[in-house]
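Pasting structure_37.cif here (mmCIF, C-alpha atoms):
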```cif
data_data
loop_
_atom_site.label_atom_id
_atom_site.label_comp_id
_atom_site.auth_asym_id
_atom_site.auth_seq_id
_atom_site.Cartn_x
_atom_site.Cartn_y
_atom_site.Cartn_z
CA MET A 1 76.34 109.83 68.18
CA LYS A 2 79.06 108.16 66.16
CA LYS A 3 80.17 104.78 67.38
CA ASN A 4 83.94 104.81 67.06
CA GLU A 5 84.47 108.30 68.42
CA PRO A 6 87.30 108.33 71.00
CA GLY A 7 86.63 109.15 74.63
CA MET A 8 83.72 108.64 76.96
CA THR A 9 79.98 109.25 76.49
CA LEU A 10 78.25 112.51 75.63
CA ILE A 11 77.29 113.17 79.28
CA VAL A 12 80.90 112.97 80.47
CA LYS A 13 82.08 115.15 77.58
CA THR A 14 79.52 117.88 78.25
CA ILE A 15 80.29 117.99 81.98
CA THR A 16 84.01 118.03 81.23
CA ARG A 17 83.60 120.96 78.86
CA LEU A 18 81.92 122.88 81.68
CA THR A 19 84.29 121.97 84.51
CA VAL A 20 87.73 121.77 82.94
CA GLY A 21 88.18 125.54 82.72
CA LEU A 22 87.07 126.00 86.31
CA ILE A 23 89.56 123.40 87.52
CA LEU A 24 92.35 125.11 85.57
CA LEU A 25 91.38 128.51 87.01
CA TYR A 26 91.32 127.08 90.53
CA GLY A 27 94.82 125.70 90.02
CA ILE A 28 96.07 129.10 88.86
CA TYR A 29 94.39 130.74 91.87
CA ILE A 30 96.12 128.31 94.25
CA VAL A 31 99.49 129.03 92.63
CA LEU A 32 99.14 132.82 92.70
CA HIS A 33 97.93 132.87 96.32
CA GLY A 34 100.60 130.42 97.45
CA HIS A 35 102.39 132.92 99.68
CA ILE A 36 99.33 134.08 101.65
CA SER A 37 97.21 130.97 102.04
CA PRO A 38 97.70 127.19 102.10
CA GLY A 39 98.70 125.69 98.79
CA GLY A 40 101.46 126.94 96.57
CA GLY A 41 103.39 125.78 93.57
CA PHE A 42 103.17 122.07 94.12
CA ALA A 43 99.47 121.84 94.98
CA GLY A 44 98.46 124.25 92.23
CA GLY A 45 100.64 122.47 89.70
CA VAL A 46 99.00 119.15 90.56
CA ILE A 47 95.54 120.69 90.10
CA ILE A 48 96.52 122.15 86.71
CA ALA A 49 97.91 118.78 85.61
CA LEU A 50 94.73 117.08 86.79
CA SER A 51 92.62 119.37 84.61
CA LEU A 52 94.63 118.22 81.58
CA VAL A 53 94.37 114.59 82.70
CA HIS A 54 90.62 115.12 83.02
CA LEU A 55 90.54 116.34 79.41
CA MET A 56 92.51 113.31 78.27
CA LEU A 57 90.26 110.85 80.10
CA ALA A 58 87.07 112.36 78.72
CA PHE A 59 88.05 113.11 75.11
CA GLY A 60 90.76 110.56 74.35
CA LYS A 61 94.48 111.10 74.07
CA ASP A 62 94.58 112.78 70.66
CA PHE A 63 92.38 115.70 71.76
CA ALA A 64 94.50 116.43 74.84
CA LEU A 65 97.77 116.01 72.97
CA LYS A 66 96.56 118.56 70.42
CA LYS A 67 96.33 121.10 73.27
CA ILE A 68 99.69 120.27 74.85
CA SER A 69 101.87 117.73 73.13
CA GLU A 70 104.51 115.57 74.78
CA ALA A 71 107.32 117.76 73.49
CA THR A 72 105.64 120.94 74.79
CA ALA A 73 105.16 119.35 78.21
CA SER A 74 108.82 118.35 78.26
CA ILE A 75 109.93 121.86 77.28
CA LEU A 76 107.67 123.46 79.91
CA GLU A 77 109.02 121.15 82.58
CA SER A 78 112.62 122.02 81.78
CA LEU A 79 111.67 125.69 81.62
CA GLY A 80 110.24 125.50 85.15
CA ALA A 81 113.45 124.03 86.54
CA LEU A 82 115.63 126.57 84.70
CA MET A 83 113.41 129.45 85.84
CA PHE A 84 113.77 128.38 89.48
CA LEU A 85 117.54 128.16 89.09
CA LEU A 86 117.63 131.54 87.35
CA ILE A 87 115.67 133.19 90.16
CA ALA A 88 118.09 131.73 92.67
CA LEU A 89 121.18 132.77 90.69
CA LEU A 90 119.94 136.31 90.00
CA GLY A 91 120.41 136.93 93.70
CA PHE A 92 124.17 136.86 93.17
CA PHE A 93 123.92 140.33 91.60
CA GLY A 94 123.02 141.58 95.05
CA GLY A 95 125.51 139.45 96.88
CA TYR A 96 123.97 136.15 97.93
CA PHE A 97 121.87 133.16 96.91
CA PHE A 98 118.07 133.64 96.74
CA LEU A 99 118.29 137.38 97.27
CA ASN A 100 114.94 139.11 97.25
CA PHE A 101 115.40 141.37 94.22
CA PHE A 102 111.75 141.69 93.21
CA LEU A 103 109.06 144.00 94.67
CA GLY A 104 110.82 144.37 97.99
CA LYS A 105 109.48 142.80 101.14
CA GLY A 106 105.90 144.00 100.70
CA GLU A 107 103.15 143.87 103.28
CA PRO A 108 101.84 140.71 104.92
CA PHE A 109 98.60 139.26 103.48
CA LYS A 110 98.78 141.31 100.26
CA LEU A 111 98.73 139.60 96.88
CA PHE A 112 101.64 141.59 95.45
CA SER A 113 104.12 141.05 98.22
CA ALA A 114 106.64 138.48 99.45
CA GLY A 115 109.24 139.29 96.79
CA ILE A 116 110.45 136.31 94.77
CA ILE A 117 108.25 133.69 96.46
CA PRO A 118 105.38 134.05 93.91
CA LEU A 119 107.91 133.75 91.07
CA CYS A 120 109.32 130.59 92.65
CA ASN A 121 105.77 129.28 93.02
CA ILE A 122 105.11 129.83 89.32
CA ALA A 123 108.34 128.02 88.42
CA ILE A 124 107.43 125.07 90.66
CA CYS A 125 103.92 125.04 89.20
CA LEU A 126 105.31 124.76 85.64
CA LYS A 127 107.66 121.98 86.67
CA VAL A 128 105.11 119.94 88.62
CA GLY A 129 102.17 120.46 86.26
CA ALA A 130 104.07 119.63 83.09
CA GLY A 131 105.92 116.77 84.78
CA LEU A 132 102.80 115.10 86.10
CA PHE A 133 101.03 115.50 82.76
CA ALA A 134 104.06 114.06 80.98
CA ILE A 135 104.10 111.02 83.31
CA PHE A 136 100.41 110.36 82.64
CA THR A 137 100.84 110.90 78.88
CA ILE A 138 103.74 108.47 78.67
CA LEU A 139 101.83 105.80 80.59
CA VAL A 140 98.83 106.24 78.26
CA LEU A 141 100.94 106.22 75.08
CA SER A 142 102.87 103.09 76.05
CA LYS A 143 99.56 101.24 76.43
CA GLY A 144 98.39 102.46 73.01
CA LYS A 145 101.59 101.23 71.37
CA GLU A 146 101.12 97.81 72.94
CA LYS A 147 97.57 97.55 71.55
CA SER A 148 98.50 98.49 67.99
CA LYS A 149 101.14 95.74 67.94
CA GLU A 150 98.56 93.01 68.45
CA MET B 1 95.84 105.73 121.49
CA SER B 2 93.06 104.21 119.42
CA GLU B 3 93.94 106.36 116.40
CA TYR B 4 97.47 104.91 116.38
CA LEU B 5 96.00 101.42 116.52
CA LEU B 6 93.72 102.24 113.59
CA CYS B 7 96.80 103.47 111.74
CA LEU B 8 98.47 100.12 112.44
CA PHE B 9 95.34 98.35 111.24
CA LEU B 10 95.46 100.30 107.96
CA LEU B 11 99.13 99.37 107.57
CA CYS B 12 98.23 95.70 108.13
CA ILE B 13 95.55 95.89 105.41
CA GLY B 14 98.16 97.23 102.99
CA LEU B 15 100.71 94.61 104.03
CA TYR B 16 98.14 91.84 103.55
CA CYS B 17 97.38 93.25 100.11
CA VAL B 18 101.07 93.30 99.12
CA LEU B 19 101.94 89.86 100.48
CA ARG B 20 98.85 87.85 99.67
CA LYS B 21 97.45 89.15 96.38
CA ARG B 22 98.71 87.82 93.06
CA ASN B 23 97.66 90.61 90.72
CA ILE B 24 100.34 93.28 90.25
CA ILE B 25 97.77 96.08 90.14
CA LYS B 26 96.41 94.98 93.51
CA ILE B 27 99.94 94.93 94.92
CA ILE B 28 100.40 98.53 93.72
CA ILE B 29 97.17 99.51 95.46
CA GLY B 30 98.48 97.82 98.61
CA LEU B 31 101.69 99.86 98.39
CA GLY B 32 99.55 102.99 98.18
CA ILE B 33 97.58 101.99 101.28
CA ILE B 34 100.83 101.41 103.23
CA GLU B 35 102.06 104.85 102.15
CA TYR B 36 98.90 106.53 103.34
CA ALA B 37 99.03 104.68 106.67
CA VAL B 38 102.58 105.90 107.31
CA ASN B 39 101.68 109.46 106.28
CA LEU B 40 98.66 109.42 108.56
CA PHE B 41 100.80 108.18 111.44
CA LEU B 42 103.34 110.96 110.96
CA VAL B 43 100.66 113.65 110.84
CA LEU B 44 98.99 112.19 113.93
CA ALA B 45 102.32 112.25 115.78
CA GLY B 46 102.38 116.04 115.42
CA TYR B 47 98.77 116.58 116.51
CA ARG B 48 97.82 118.53 119.63
CA VAL B 49 94.40 118.41 121.20
CA HIS B 50 92.31 121.32 119.86
CA GLY B 51 95.29 122.52 117.84
CA ARG B 52 94.81 124.65 114.73
CA ALA B 53 96.63 124.59 111.43
CA PRO B 54 99.93 126.50 111.73
CA ILE B 55 98.99 129.27 109.30
CA LEU B 56 99.19 132.96 110.00
CA ALA B 57 95.99 134.79 109.15
CA LYS B 58 94.85 138.38 109.29
CA ASP B 59 93.39 139.63 112.60
CA GLN B 60 93.71 136.31 114.36
CA GLU B 61 95.52 135.31 117.52
CA ILE B 62 96.55 131.67 117.30
CA LEU B 63 97.32 130.14 120.68
CA ASN B 64 97.47 126.40 120.13
CA ILE B 65 98.87 125.04 116.88
CA VAL B 66 99.72 121.56 115.70
CA ASP B 67 103.33 120.69 114.94
CA PRO B 68 104.15 121.82 111.37
CA LEU B 69 107.34 119.75 111.04
CA PRO B 70 105.68 116.34 110.40
CA GLN B 71 103.35 118.04 107.93
CA ALA B 72 106.28 119.35 105.90
CA LEU B 73 107.85 115.88 106.08
CA VAL B 74 104.61 114.26 104.89
CA LEU B 75 104.37 116.69 101.98
CA THR B 76 107.78 115.48 100.79
CA SER B 77 106.73 111.91 101.45
CA ILE B 78 103.61 112.33 99.29
CA VAL B 79 105.74 113.58 96.39
CA ILE B 80 108.08 110.61 96.73
CA GLY B 81 105.07 108.31 96.91
CA LEU B 82 103.75 109.76 93.66
CA ALA B 83 107.09 109.11 91.95
CA ILE B 84 107.22 105.55 93.31
CA THR B 85 103.69 104.84 92.09
CA ALA B 86 104.50 106.15 88.61
CA LEU B 87 107.66 104.00 88.47
CA VAL B 88 105.87 100.87 89.64
CA VAL B 89 103.03 101.37 87.17
CA ALA B 90 105.56 101.79 84.35
CA ILE B 91 107.26 98.54 85.39
CA ALA B 92 103.87 96.79 85.54
CA ILE B 93 103.08 97.96 81.99
CA ARG B 94 106.42 96.62 80.77
CA ILE B 95 105.75 93.28 82.48
CA TYR B 96 102.34 93.11 80.82
CA GLU B 97 103.92 93.82 77.44
CA LYS B 98 106.45 91.01 77.96
CA TYR B 99 104.29 88.32 79.55
CA GLY B 100 100.71 89.26 78.69
CA THR B 101 99.56 88.77 82.28
CA PHE B 102 99.45 90.53 85.63
CA ASP B 103 99.54 87.31 87.65
CA ILE B 104 102.87 87.09 89.51
CA THR B 105 102.76 83.29 89.70
CA LYS B 106 102.83 83.09 85.90
CA ILE B 107 105.78 85.46 85.50
CA ARG B 108 108.60 82.95 85.80
CA ARG B 109 110.73 83.15 82.68
CA LEU B 110 113.63 84.57 84.72
CA ARG B 111 113.99 81.34 86.70
CA GLY B 112 117.30 79.48 86.83
#
```
Encoded form (structure tokens):
Amino acid sequence: MKKNEPGMTLIVKTITRLTVGLILLYGIYIVLHGHISPGGGFAGGVIIALSLVHLMLAFGKDFALKKISEATASILESLGALMFLLIALLGFFGGYFFLNFFLGKGEPFKLFSAGIIPLCNIAICLKVGAGLFAIFTILVLSKGKEKSKE
Amino acid sequence: MSEYLLCLFLLCIGLYCVLRKRNIIKIIIGLGIIEYAVNLFLVLAGYRVHGRAPILAKDQEILNIVDPLPQALVLTSIVIGLAITALVVAIAIRIYEKYGTFDITKIRRLRG
């Protein structure tokens, strides 16, 4: 193994390669089932962000930033907030704020039910996931800048 | 009663950590411990004996549930705690860039 390769050891990298996809899938599962079981946009978004943080810790910051750069994270975060606002404002076409315009009321305990709540969950997931990843990225990058100055 | 006392004990550990330690990183960890103690206290305040989580499920009759209001409050509190931790860590990084140390007794250029 090369000496000055960024990131942790080969063991950590191999395990990360196996687990990171599963963590991401679990986050998406939590988000999509937010209206019928515990969890939802915030918890799922945190899990998705943690999978990216996991990638960054194991492989070094350049590898993770190649997947999702700072600018992309920033755009996704803004997109999440705007999507939530848009969902809320679209209700005005029917008369009031947060009108349930999508899929109707549905049945309890079905995946495709609960109207706009899954859409709101996805918006919150984008906002929280990208925001948390951006916070971590900025903390990591500020440390790197400090080191290169010395 | 004893669980509330343990909560207070946890809070005292965090307070000791904030007041007595000199390393900024340890102070941040102490702040985190205080946060968790307060969150634990709020969740405990809403607990009922043999209560279940207040979640509707298919084919189940739930008779005795815990109070969901403190749990919603604590969820918000956790988010705010995350933001506070990120802010404090950012400030600590800036201080390290300026002074080259995490020791609060050596950070004294602002004096006078």
Residue contacts of Leu99 in chain A (10 Å, all atoms listed in the file) excluding same-chain residues fewer than 3 positions away, as a ChimeraX atom specification: /A:87-96,102,115-116
Among the residues A:Leu22, A:Lys127, A:Leu32, A:Leu141, the one that comes closest to Met83 in chain A [using only C-alpha atoms]: A:Lys127
Selection dump of the PyMOL selection byres ((chain A and resi 6) around 8), as a PyMOL selection string: chain A and resi 4-5+7-8+59-60
Take the residues just selected and output them with C-alpha atoms as a PDB file, in the coordinates of the input.
```pdb
ATOM      1  CA  ASN A   4      83.940 104.810  67.060  1.00  0.00           C
ATOM      2  CA  GLU A   5      84.470 108.300  68.420  1.00  0.00           C
ATOM      3  CA  GLY A   7      86.630 109.150  74.630  1.00  0.00           C
ATOM      4  CA  MET A   8      83.720 108.640  76.960  1.00  0.00           C
ATOM      5  CA  PHE A  59      88.050 113.110  75.110  1.00  0.00           C
ATOM      6  CA  GLY A  60      90.760 110.560  74.350  1.00  0.00           C
TER       7      GLY A  60
END
```
At most 7 Å is the cut-off: for each residue in chain B with any atom that close to an atom of chain A, write down the nearest atom pair and the distance in Å rounded to one decimal, counting only C-alpha atoms, chain first then increasing number, as a Markdown table.
```
| residue | atom | partner | partner_atom | distance |
| --- | --- | --- | --- | --- |
| B:Lys58 | CA | A:Phe109 | CA | 7.0 |
| B:Ala90 | CA | A:Leu139 | CA | 6.6 |
| B:Glu97 | CA | A:Glu146 | CA | 6.6 |
```
query: What is the distance between CA of Leu50 in chain A and CA of Thr76 in chain B, in Å to one decimal?
result: 19.2 Å
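If you count all atoms listed in the file and ignore residues fewer than 5 places along the chain from Leu52 in chain A, what sits within 8 Å of it is Val20, Ala64 and Phe133 of chain A.
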Take the selection from the previous step and output its residues with C-alpha atoms, as a short mmCIF file (atom, residue, chain, number, x, y, z; two decimals), keeping the file's coordinate frame.
```cif
data_model
loop_
_atom_site.label_atom_id
_atom_site.label_comp_id
_atom_site.auth_asym_id
_atom_site.auth_seq_id
_atom_site.Cartn_x
_atom_site.Cartn_y
_atom_site.Cartn_z
CA VAL A 20 87.73 121.77 82.94
CA ALA A 64 94.50 116.43 74.84
CA PHE A 133 101.03 115.50 82.76
#
```
Picked residues, the PyMOL selection byres ((chain A and resi 126) around 8), expected as a list in words: Gly45, Leu76, Glu77, Leu79, Gly80, Ile122, Ala123, Ile124, Cys125, Lys127, Val128, Gly129 and Ala130 of chain A
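Straight-line separation from CA of Asn39 in chain B to CA of Cys7 in chain B: 9.5 Å.
The two atoms in question, CA of Ile65 in chain B and CA of Tyr47 in chain B, are spaced 8.5 Å apart.
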query: Taking into account all atoms listed in the file, which residue in the set B:Leu69, B:Ile104, B:Ala83, B:Leu11 is nearest to Val38 in chain B?
result: B:Leu11
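Distances here use only C-alpha atoms; by that measure, the residue among A:Ser74, A:Phe101, A:Gly106, A:Leu65 closest to Val140 in chain A is A:Leu65.
With distances restricted to all atoms listed in the file, A:His33 is the closest residue to Phe112 in chain A from A:Val53, A:His33, A:Thr16, A:Leu25.
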statement: Leu55 in chain A proximity check over A:Ala81, A:Leu86, A:Ile15, A:Ile30, using only C-alpha atoms: winner is A:Ile15
With C-alpha atoms as the atom set, please write range 28-121 of chain A from the structure just given, as a PDB file, in the first residue's frame.
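The resulting file, out_20.pdb, is shown below:
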```pdb
ATOM      1  CA  ILE A  28     -33.737   6.747   2.137  1.00  0.00           C
ATOM      2  CA  TYR A  29     -35.974   4.059   3.667  1.00  0.00           C
ATOM      3  CA  ILE A  30     -36.437   6.149   6.826  1.00  0.00           C
ATOM      4  CA  VAL A  31     -37.355   9.201   4.745  1.00  0.00           C
ATOM      5  CA  LEU A  32     -39.851   7.406   2.508  1.00  0.00           C
ATOM      6  CA  HIS A  33     -41.558   5.656   5.443  1.00  0.00           C
ATOM      7  CA  GLY A  34     -41.650   8.830   7.533  1.00  0.00           C
ATOM      8  CA  HIS A  35     -45.442   9.084   7.543  1.00  0.00           C
ATOM      9  CA  ILE A  36     -46.155   5.518   8.710  1.00  0.00           C
ATOM     10  CA  SER A  37     -43.385   4.743  11.155  1.00  0.00           C
ATOM     11  CA  PRO A  38     -41.027   6.637  13.471  1.00  0.00           C
ATOM     12  CA  GLY A  39     -38.420   8.705  11.700  1.00  0.00           C
ATOM     13  CA  GLY A  40     -39.086  11.103   8.887  1.00  0.00           C
ATOM     14  CA  GLY A  41     -37.284  13.830   7.034  1.00  0.00           C
ATOM     15  CA  PHE A  42     -34.971  14.971   9.767  1.00  0.00           C
ATOM     16  CA  ALA A  43     -33.805  11.562  11.002  1.00  0.00           C
ATOM     17  CA  GLY A  44     -33.402  10.194   7.479  1.00  0.00           C
ATOM     18  CA  GLY A  45     -31.554  13.304   6.353  1.00  0.00           C
ATOM     19  CA  VAL A  46     -29.124  12.958   9.247  1.00  0.00           C
ATOM     20  CA  ILE A  47     -28.476   9.307   8.327  1.00  0.00           C
ATOM     21  CA  ILE A  48     -27.855  10.231   4.671  1.00  0.00           C
ATOM     22  CA  ALA A  49     -25.453  12.987   5.728  1.00  0.00           C
ATOM     23  CA  LEU A  50     -23.681  10.557   8.047  1.00  0.00           C
ATOM     24  CA  SER A  51     -23.090   8.141   5.174  1.00  0.00           C
ATOM     25  CA  LEU A  52     -21.310  10.943   3.283  1.00  0.00           C
ATOM     26  CA  VAL A  53     -19.376  11.917   6.421  1.00  0.00           C
ATOM     27  CA  HIS A  54     -18.388   8.261   6.766  1.00  0.00           C
ATOM     28  CA  LEU A  55     -17.030   8.351   3.199  1.00  0.00           C
ATOM     29  CA  MET A  56     -15.079  11.509   3.952  1.00  0.00           C
ATOM     30  CA  LEU A  57     -13.556  10.109   7.145  1.00  0.00           C
ATOM     31  CA  ALA A  58     -12.458   6.881   5.491  1.00  0.00           C
ATOM     32  CA  PHE A  59     -11.210   8.106   2.100  1.00  0.00           C
ATOM     33  CA  GLY A  60     -10.124  11.678   2.775  1.00  0.00           C
ATOM     34  CA  LYS A  61     -11.849  14.886   1.805  1.00  0.00           C
ATOM     35  CA  ASP A  62     -11.009  14.919  -1.900  1.00  0.00           C
ATOM     36  CA  PHE A  63     -12.771  11.611  -2.592  1.00  0.00           C
ATOM     37  CA  ALA A  64     -15.983  12.700  -0.867  1.00  0.00           C
ATOM     38  CA  LEU A  65     -15.929  16.152  -2.433  1.00  0.00           C
ATOM     39  CA  LYS A  66     -15.655  14.515  -5.857  1.00  0.00           C
ATOM     40  CA  LYS A  67     -19.012  12.820  -5.162  1.00  0.00           C
ATOM     41  CA  ILE A  68     -20.765  15.903  -3.793  1.00  0.00           C
ATOM     42  CA  SER A  69     -18.884  19.172  -3.824  1.00  0.00           C
ATOM     43  CA  GLU A  70     -19.472  22.099  -1.501  1.00  0.00           C
ATOM     44  CA  ALA A  71     -21.365  24.026  -4.166  1.00  0.00           C
ATOM     45  CA  THR A  72     -23.630  21.046  -4.914  1.00  0.00           C
ATOM     46  CA  ALA A  73     -24.390  20.623  -1.213  1.00  0.00           C
ATOM     47  CA  SER A  74     -25.240  24.314  -0.964  1.00  0.00           C
ATOM     48  CA  ILE A  75     -27.525  24.126  -4.011  1.00  0.00           C
ATOM     49  CA  LEU A  76     -29.272  21.004  -2.689  1.00  0.00           C
ATOM     50  CA  GLU A  77     -29.834  22.655   0.671  1.00  0.00           C
ATOM     51  CA  SER A  78     -31.434  25.712  -0.897  1.00  0.00           C
ATOM     52  CA  LEU A  79     -33.465  23.454  -3.170  1.00  0.00           C
ATOM     53  CA  GLY A  80     -34.867  21.617  -0.134  1.00  0.00           C
ATOM     54  CA  ALA A  81     -36.007  24.852   1.501  1.00  0.00           C
ATOM     55  CA  LEU A  82     -37.546  26.156  -1.739  1.00  0.00           C
ATOM     56  CA  MET A  83     -39.297  22.828  -2.369  1.00  0.00           C
ATOM     57  CA  PHE A  84     -40.888  22.934   1.091  1.00  0.00           C
ATOM     58  CA  LEU A  85     -42.052  26.500   0.501  1.00  0.00           C
ATOM     59  CA  LEU A  86     -43.373  25.577  -2.944  1.00  0.00           C
ATOM     60  CA  ILE A  87     -45.382  22.664  -1.540  1.00  0.00           C
ATOM     61  CA  ALA A  88     -46.876  24.979   1.048  1.00  0.00           C
ATOM     62  CA  LEU A  89     -47.671  27.722  -1.480  1.00  0.00           C
ATOM     63  CA  LEU A  90     -49.187  25.351  -4.060  1.00  0.00           C
ATOM     64  CA  GLY A  91     -52.016  24.892  -1.603  1.00  0.00           C
ATOM     65  CA  PHE A  92     -53.199  28.407  -2.396  1.00  0.00           C
ATOM     66  CA  PHE A  93     -54.544  27.118  -5.719  1.00  0.00           C
ATOM     67  CA  GLY A  94     -57.101  25.204  -3.691  1.00  0.00           C
ATOM     68  CA  GLY A  95     -57.750  27.961  -1.235  1.00  0.00           C
ATOM     69  CA  TYR A  96     -55.480  27.661   1.785  1.00  0.00           C
ATOM     70  CA  PHE A  97     -51.952  27.101   3.059  1.00  0.00           C
ATOM     71  CA  PHE A  98     -50.616  23.505   3.059  1.00  0.00           C
ATOM     72  CA  LEU A  99     -53.599  22.169   1.145  1.00  0.00           C
ATOM     73  CA  ASN A 100     -53.393  18.464   0.442  1.00  0.00           C
ATOM     74  CA  PHE A 101     -53.325  18.541  -3.360  1.00  0.00           C
ATOM     75  CA  PHE A 102     -51.437  15.295  -3.945  1.00  0.00           C
ATOM     76  CA  LEU A 103     -52.797  11.707  -3.922  1.00  0.00           C
ATOM     77  CA  GLY A 104     -55.760  12.571  -1.749  1.00  0.00           C
ATOM     78  CA  LYS A 105     -56.018  11.417   1.821  1.00  0.00           C
ATOM     79  CA  GLY A 106     -55.104   7.786   1.143  1.00  0.00           C
ATOM     80  CA  GLU A 107     -55.433   4.890   3.542  1.00  0.00           C
ATOM     81  CA  PRO A 108     -53.710   4.644   6.915  1.00  0.00           C
ATOM     82  CA  PHE A 109     -50.521   2.526   7.039  1.00  0.00           C
ATOM     83  CA  LYS A 110     -50.070   2.461   3.243  1.00  0.00           C
ATOM     84  CA  LEU A 111     -46.850   3.677   1.658  1.00  0.00           C
ATOM     85  CA  PHE A 112     -48.563   5.790  -1.007  1.00  0.00           C
ATOM     86  CA  SER A 113     -50.867   7.758   1.219  1.00  0.00           C
ATOM     87  CA  ALA A 114     -50.872  10.809   3.471  1.00  0.00           C
ATOM     88  CA  GLY A 115     -50.903  13.318   0.605  1.00  0.00           C
ATOM     89  CA  ILE A 116     -48.139  15.923   0.725  1.00  0.00           C
ATOM     90  CA  ILE A 117     -46.450  14.656   3.902  1.00  0.00           C
ATOM     91  CA  PRO A 118     -43.992  12.369   2.008  1.00  0.00           C
ATOM     92  CA  LEU A 119     -43.119  15.268  -0.314  1.00  0.00           C
ATOM     93  CA  CYS A 120     -42.474  17.491   2.707  1.00  0.00           C
ATOM     94  CA  ASN A 121     -40.335  14.729   4.195  1.00  0.00           C
TER      95      ASN A 121
END
```
